[in-house]
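Visitor: Hey, dropping entry_17.csv in here, CSV, C-alpha atoms:
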chain,number,residue,atom,x,y,z
A,1,MET,CA,145.2,-124.3,162.9
A,2,ALA,CA,143.3,-121.9,160.6
A,3,GLU,CA,145.3,-119.5,158.5
A,4,ALA,CA,146.5,-116.5,160.5
A,5,ASP,CA,147.3,-113.1,159.0
A,6,VAL,CA,147.7,-109.4,159.9
A,7,ARG,CA,146.0,-106.6,158.0
A,8,GLU,CA,145.4,-102.9,158.4
A,9,ALA,CA,142.1,-101.9,160.1
A,10,VAL,CA,139.4,-100.0,158.3
A,11,ALA,CA,136.4,-98.0,159.7
A,12,SER,CA,134.1,-101.1,159.5
A,13,ASP,CA,136.4,-102.9,161.9
A,14,ALA,CA,135.7,-100.4,164.7
A,15,ALA,CA,132.9,-102.4,166.4
A,16,GLU,CA,135.0,-105.6,166.5
A,17,ILE,CA,138.1,-103.7,167.8
A,18,ALA,CA,135.9,-102.2,170.5
A,19,ARG,CA,134.4,-105.6,171.5
A,20,ILE,CA,137.9,-107.1,171.8
A,21,GLN,CA,139.1,-104.2,173.9
A,22,VAL,CA,136.1,-104.2,176.3
A,23,GLU,CA,136.0,-108.0,176.7
A,24,THR,CA,139.8,-108.3,177.1
A,25,TRP,CA,140.0,-105.5,179.6
A,26,GLN,CA,137.1,-107.1,181.6
A,27,THR,CA,138.7,-110.5,181.7
A,28,ALA,CA,142.5,-110.0,181.5
A,29,TYR,CA,142.7,-106.8,183.4
A,30,ALA,CA,140.1,-107.3,186.2
A,31,GLU,CA,143.0,-107.4,188.8
A,32,ILE,CA,144.7,-104.3,187.3
A,33,LEU,CA,141.9,-101.9,186.6
A,34,SER,CA,139.3,-100.7,189.1
A,35,PRO,CA,135.7,-102.1,188.9
A,36,ALA,CA,134.5,-98.6,188.2
A,37,VAL,CA,136.7,-98.2,185.1
A,38,LEU,CA,135.7,-101.6,183.8
A,39,ALA,CA,132.0,-101.0,184.5
A,40,GLY,CA,132.2,-97.6,182.8
A,41,LEU,CA,133.3,-99.1,179.5
A,42,ASP,CA,130.6,-98.2,177.0
A,43,SER,CA,131.1,-100.2,173.8
A,44,GLY,CA,129.3,-97.6,171.7
A,45,GLU,CA,131.7,-94.9,172.9
A,46,VAL,CA,134.7,-97.2,172.6
A,47,GLU,CA,133.6,-98.1,169.0
A,48,GLN,CA,133.3,-94.4,168.0
A,49,GLU,CA,136.8,-93.8,169.4
A,50,TRP,CA,138.2,-96.7,167.4
A,51,ARG,CA,136.4,-95.5,164.2
A,52,GLU,CA,138.2,-92.1,164.7
A,53,ALA,CA,141.5,-93.8,165.4
A,54,VAL,CA,141.3,-95.9,162.3
A,55,THR,CA,140.2,-93.2,159.9
A,56,SER,CA,142.2,-90.2,161.2
A,57,GLY,CA,145.5,-91.7,160.1
A,58,ALA,CA,147.4,-90.4,163.2
A,59,ALA,CA,148.3,-94.0,164.2
A,60,THR,CA,148.5,-97.3,162.4
A,61,VAL,CA,146.0,-99.9,163.5
A,62,LEU,CA,146.7,-103.5,162.6
A,63,LEU,CA,144.4,-106.5,163.1
A,64,ALA,CA,145.3,-110.1,163.8
A,65,ILE,CA,143.0,-112.5,161.9
A,66,GLU,CA,142.6,-116.2,162.3
A,67,GLY,CA,140.3,-117.8,159.7
A,68,HIS,CA,137.4,-115.4,159.5
A,69,TRP,CA,137.9,-114.1,163.1
A,70,THR,CA,139.5,-110.8,164.2
A,71,VAL,CA,141.4,-111.9,167.3
A,72,GLY,CA,143.5,-108.9,168.3
A,73,PHE,CA,145.0,-105.6,167.4
A,74,CYS,CA,148.0,-103.4,167.6
A,75,VAL,CA,148.2,-99.6,167.5
A,76,ALA,CA,151.4,-97.6,167.0
A,77,GLY,CA,152.6,-94.3,165.7
A,78,PRO,CA,155.5,-91.8,166.1
A,79,ALA,CA,156.2,-91.4,169.8
A,80,PRO,CA,155.1,-88.1,171.2
A,81,GLU,CA,157.9,-86.2,173.0
A,82,SER,CA,156.1,-86.6,176.3
A,83,GLU,CA,156.1,-90.4,175.9
A,84,VAL,CA,159.7,-90.8,174.9
A,85,ALA,CA,161.3,-88.2,177.2
A,86,ALA,CA,163.5,-89.1,180.2
A,87,ALA,CA,162.1,-88.6,183.7
A,88,ASP,CA,163.8,-85.1,183.8
A,89,GLY,CA,162.1,-84.1,180.5
A,90,SER,CA,165.2,-84.4,178.3
A,91,LEU,CA,164.8,-86.1,174.9
A,92,PRO,CA,166.9,-88.9,173.7
A,93,ASP,CA,168.8,-88.4,170.4
A,94,ASP,CA,166.5,-90.8,168.6
A,95,ALA,CA,163.2,-89.3,169.8
A,96,SER,CA,162.1,-88.4,166.3
A,97,THR,CA,162.6,-92.0,165.1
A,98,THR,CA,161.0,-93.8,168.1
A,99,VAL,CA,157.6,-95.5,167.7
A,100,LEU,CA,155.1,-95.8,170.5
A,101,VAL,CA,153.1,-99.0,170.6
A,102,SER,CA,150.1,-97.6,172.5
A,103,SER,CA,148.0,-100.8,172.5
A,104,LEU,CA,148.6,-104.5,171.8
A,105,LEU,CA,145.7,-106.8,172.7
A,106,VAL,CA,144.9,-110.4,171.7
A,107,GLU,CA,141.7,-111.9,173.1
A,108,PRO,CA,142.7,-114.4,175.8
A,109,ARG,CA,140.9,-117.3,174.1
A,110,TRP,CA,143.1,-116.7,171.1
A,111,GLY,CA,146.3,-116.4,173.1
A,112,ARG,CA,149.5,-118.4,172.7
A,113,ARG,CA,149.0,-118.8,169.0
A,114,GLY,CA,151.6,-116.2,167.8
A,115,HIS,CA,149.1,-113.4,167.0
A,116,ALA,CA,150.8,-110.8,169.3
A,117,GLY,CA,154.2,-111.6,167.8
A,118,ARG,CA,152.8,-111.3,164.2
A,119,LEU,CA,151.2,-108.0,165.1
A,120,LEU,CA,154.3,-106.5,166.7
A,121,GLY,CA,156.6,-107.9,164.0
A,122,THR,CA,154.5,-106.5,161.2
A,123,MET,CA,154.2,-103.1,162.9
A,124,GLY,CA,157.9,-103.0,163.5
A,125,ARG,CA,158.8,-103.8,159.9
A,126,ARG,CA,156.4,-101.1,158.6
A,127,PHE,CA,157.9,-98.4,160.8
A,128,ALA,CA,161.5,-99.5,160.3
A,129,ALA,CA,160.9,-99.3,156.5
A,130,HIS,CA,160.1,-95.6,157.0
A,131,GLY,CA,163.2,-94.8,159.2
A,132,ALA,CA,162.0,-95.7,162.7
A,133,THR,CA,164.9,-97.0,164.9
A,134,ARG,CA,163.2,-98.4,168.0
A,135,GLY,CA,159.9,-98.9,169.8
A,136,ILE,CA,158.6,-98.1,173.3
A,137,ALA,CA,155.5,-99.4,175.1
A,138,TRP,CA,154.1,-98.6,178.6
A,139,VAL,CA,153.1,-101.8,180.5
A,140,ALA,CA,151.5,-102.1,183.9
A,141,GLU,CA,154.1,-103.5,186.4
A,142,SER,CA,151.5,-106.1,187.5
A,143,ASP,CA,150.8,-107.3,183.9
A,144,SER,CA,153.2,-110.2,183.9
A,145,ALA,CA,151.9,-111.7,180.6
A,146,SER,CA,152.6,-108.5,178.6
A,147,LEU,CA,156.0,-108.0,180.3
A,148,SER,CA,157.0,-111.6,179.4
A,149,PHE,CA,155.8,-111.1,175.8
A,150,TYR,CA,157.8,-107.9,175.3
A,151,ARG,CA,160.9,-109.4,177.0
A,152,ALA,CA,160.7,-112.3,174.5
A,153,ALA,CA,160.7,-109.7,171.7
A,154,GLY,CA,164.0,-108.4,173.1
A,155,TRP,CA,162.5,-105.3,174.8
A,156,SER,CA,163.4,-104.3,178.3
A,157,PRO,CA,162.6,-101.7,180.9
A,158,ASP,CA,164.5,-98.4,180.4
A,159,GLY,CA,164.2,-97.3,184.0
A,160,THR,CA,161.3,-94.9,183.5
A,161,VAL,CA,158.1,-95.4,185.4
A,162,ARG,CA,154.8,-93.5,185.8
A,163,THR,CA,151.7,-93.7,187.9
A,164,LEU,CA,148.3,-93.1,186.3
A,165,ASP,CA,145.0,-92.6,188.1
A,166,ALA,CA,142.9,-95.6,186.9
A,167,GLY,CA,139.5,-94.7,188.3
A,168,GLY,CA,140.8,-93.7,191.7
A,169,ARG,CA,143.3,-96.6,191.8
A,170,PRO,CA,147.0,-95.9,191.1
A,171,LEU,CA,148.3,-97.8,188.2
A,172,ARG,CA,152.1,-98.1,187.9
A,173,GLU,CA,153.5,-98.6,184.5
A,174,MET,CA,157.1,-99.1,183.3
A,175,ARG,CA,158.4,-98.1,179.9
A,176,LEU,CA,159.9,-100.8,177.8
A,177,THR,CA,162.0,-100.2,174.8
A,178,GLY,CA,163.5,-102.4,172.1
A,179,PRO,CA,164.3,-103.0,168.4
A,180,LEU,CA,161.8,-103.0,165.6
A,181,ASP,CA,163.6,-105.8,163.7
A,182,PHE,CA,163.3,-108.5,166.4
A,183,GLU,CA,163.1,-112.3,166.1
A,184,PHE,CA,160.8,-113.9,168.7
A,185,GLU,CA,162.3,-116.5,171.0
A,186,HIS,CA,159.8,-119.3,170.9
A,187,HIS,CA,159.3,-121.0,174.2
For this file, produce the structure as structure tokens.
Guide:
Amino acid sequence: MAEADVREAVASDAAEIARIQVETWQTAYAEILSPAVLAGLDSGEVEQEWREAVTSGAATVLLAIEGHWTVGFCVAGPAPESEVAAADGSLPDDASTTVLVSSLLVEPRWGRRGHAGRLLGTMGRRFAAHGATRGIAWVAESDSASLSFYRAAGWSPDGTVRTLDAGGRPLREMRLTGPLDFEFEHH
């Protein structure tokens, strides 16, 4: 296997991040997202959004690299109150030290090689070093691969669910939460 690594994204990575997002959504999420949403993905617009995300500093964007290839990415930052709140709107005691993993994608053809675990592990260690205590992520209930991945990291559903409008199709997501200093169970 070629050498694998994780590094922070820079503005010039935006086109590759956009390509990974568009291609992965169109292949891995064809059953979850509506055809209209998938058809409406404009790689130029997506690239511009990623360039802003990488350069604004509001979130941390890490890339998984294998050899010379960018194969996946992870985006995380301090969890907004609206994302960490309970269903009744109340905030947990650790709301200010909770990290939201807003996106974690590895191209399917590079899957099962440890990239997602390295991304989440590196992100967790970075935020834990700055006082973060736990992480959360929203995952579609029908996304069994992502649910299995997070469970292997020691994360579990906290009982909070939401339904988004994904191009006219309801998309139910569950919130998972877990430690930032996990060890992956290797299957």
Visitor: Find, counting all atoms listed in the file, the residue in A:Ser142, A:Ser90, A:Ser156, A:Ser82 that gets nearest to Arg172 in chain A.
Guide: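 Between A:Ser142, A:Ser90, A:Ser156, A:Ser82, the residue approaching Arg172 in chain A most closely is A:Ser142.
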Visitor: I'd like the neighbourhood of Ser148 in chain A as a list of chain:residue names, where a residue qualifies if any of its atoms comes within 12 Å (using all atoms listed in the file), though same-chain residues fewer than 3 positions away should be ignored.
Guide: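 With the cut-off at 12 Å, the set is A:Ala116, A:Gly117, A:Val139, A:Ala140, A:Glu141, A:Ser142, A:Asp143, A:Ser144, A:Ala145, A:Arg151, A:Ala152, A:Ala153, A:Gly154, A:Trp155, A:Ser156, A:Pro157, A:Leu176, A:Phe184, A:Glu185, A:His186, A:His187.
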Visitor: What separation in Å, quoted to one decimal, exists between CA of Asp181 in chain A and CA of Arg134 in chain A?
Guide: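 Between CA of Asp181 in chain A and CA of Arg134 in chain A the gap works out to 8.6 Å.
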Visitor: Wanna dump the range 64-91 of chain A-range 4-19 of chain A contacts at 12 Å for me, each residue with its shortest atom pair and the distance in Å to one decimal, counting all atoms listed in the file, ordered by chain and number, as a Markdown table?
Guide:
| residue | atom | partner | partner_atom | distance |
| --- | --- | --- | --- | --- |
| A:Ala64 | CA | A:Val6 | CA | 4.6 |
| A:Ile65 | CA | A:Asp5 | CA | 5.2 |
| A:Glu66 | CA | A:Ala4 | CA | 4.3 |
| A:Gly67 | CA | A:Ala4 | CA | 6.4 |
| A:His68 | CA | A:Ala4 | CA | 9.2 |
| A:Trp69 | CA | A:Ala4 | CA | 9.3 |
| A:Thr70 | CA | A:Glu16 | CA | 7.3 |
| A:Val71 | CA | A:Ile17 | CA | 8.9 |
| A:Gly72 | CA | A:Ile17 | CA | 7.5 |
| A:Phe73 | CA | A:Ile17 | CA | 7.2 |
| A:Cys74 | CA | A:Glu8 | CA | 9.6 |
| A:Val75 | CA | A:Ala9 | CA | 9.9 |
| A:Ala76 | CA | A:Glu8 | CA | 11.7 |
Visitor: Using all atoms listed in the file, find the one residue out of A:Ile32, A:Val106, A:Leu91, A:Val84 that sits nearest to Thr177 in chain A.
Guide: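 Closest to Thr177 in chain A of all the choices is A:Val84.
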Visitor: A:Gly159, A:Gly77, A:Gln21, A:Ala86: which is nearest Arg126 in chain A, counting all atoms listed in the file?
Guide: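 Of A:Gly159, A:Gly77, A:Gln21, A:Ala86, the one nearest Arg126 in chain A, counting all atoms listed in the file, is A:Gly77.
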Visitor: Using all atoms listed in the file, which residue out of A:Leu63, A:Leu104, A:Ala58, A:Leu180 lies closest to Thr133 in chain A?
Guide: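 Nearest to Thr133 in chain A: A:Leu180.
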Visitor: When distances are computed from only C-alpha atoms, which of A:Thr160, A:Ser102, A:Ser34, A:Thr60 shows the smallest separation from Pro80 in chain A?
Guide: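 Closest to Pro80 in chain A of all the choices is A:Ser102.
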Visitor: How far is it from CA of Pro78 in chain A to CA of Leu164 in chain A, in Å with one decimal?
Guide: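 A separation of 21.5 Å between them.
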Visitor: When distances are computed from only C-alpha atoms, which of A:Asp93, A:Glu23, A:Leu105, A:Gly167 shows the smallest separation from Gly40 in chain A?
Guide: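 The answer is A:Gly167, which sits nearest to Gly40 in chain A.
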Visitor: To one decimal place in Å, what is the distance between CA of Ser146 in chain A and CA of Met174 in chain A?
Guide: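 If I compute the distance from CA of Ser146 in chain A to CA of Met174 in chain A, I get 11.4 Å.
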Visitor: Name the residues in contact with Arg169 in chain A at a cut-off of 8 Å, using only C-alpha atoms, excluding same-chain residues fewer than 3 positions from it; report them as a PyMOL selection string.
Guide: chain A and resi 33-34+165-166
Visitor: Store the residues of this selection in a file with C-alpha atoms, as a PDB file, keeping the file's coordinate frame.
Guide:
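What follows is the written file part_37.pdb:
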ATOM      1  CA  LEU A  33     141.900-101.900 186.600  1.00  0.00           C
ATOM      2  CA  SER A  34     139.300-100.700 189.100  1.00  0.00           C
ATOM      3  CA  ASP A 165     145.000 -92.600 188.100  1.00  0.00           C
ATOM      4  CA  ALA A 166     142.900 -95.600 186.900  1.00  0.00           C
TER       5      ALA A 166
END
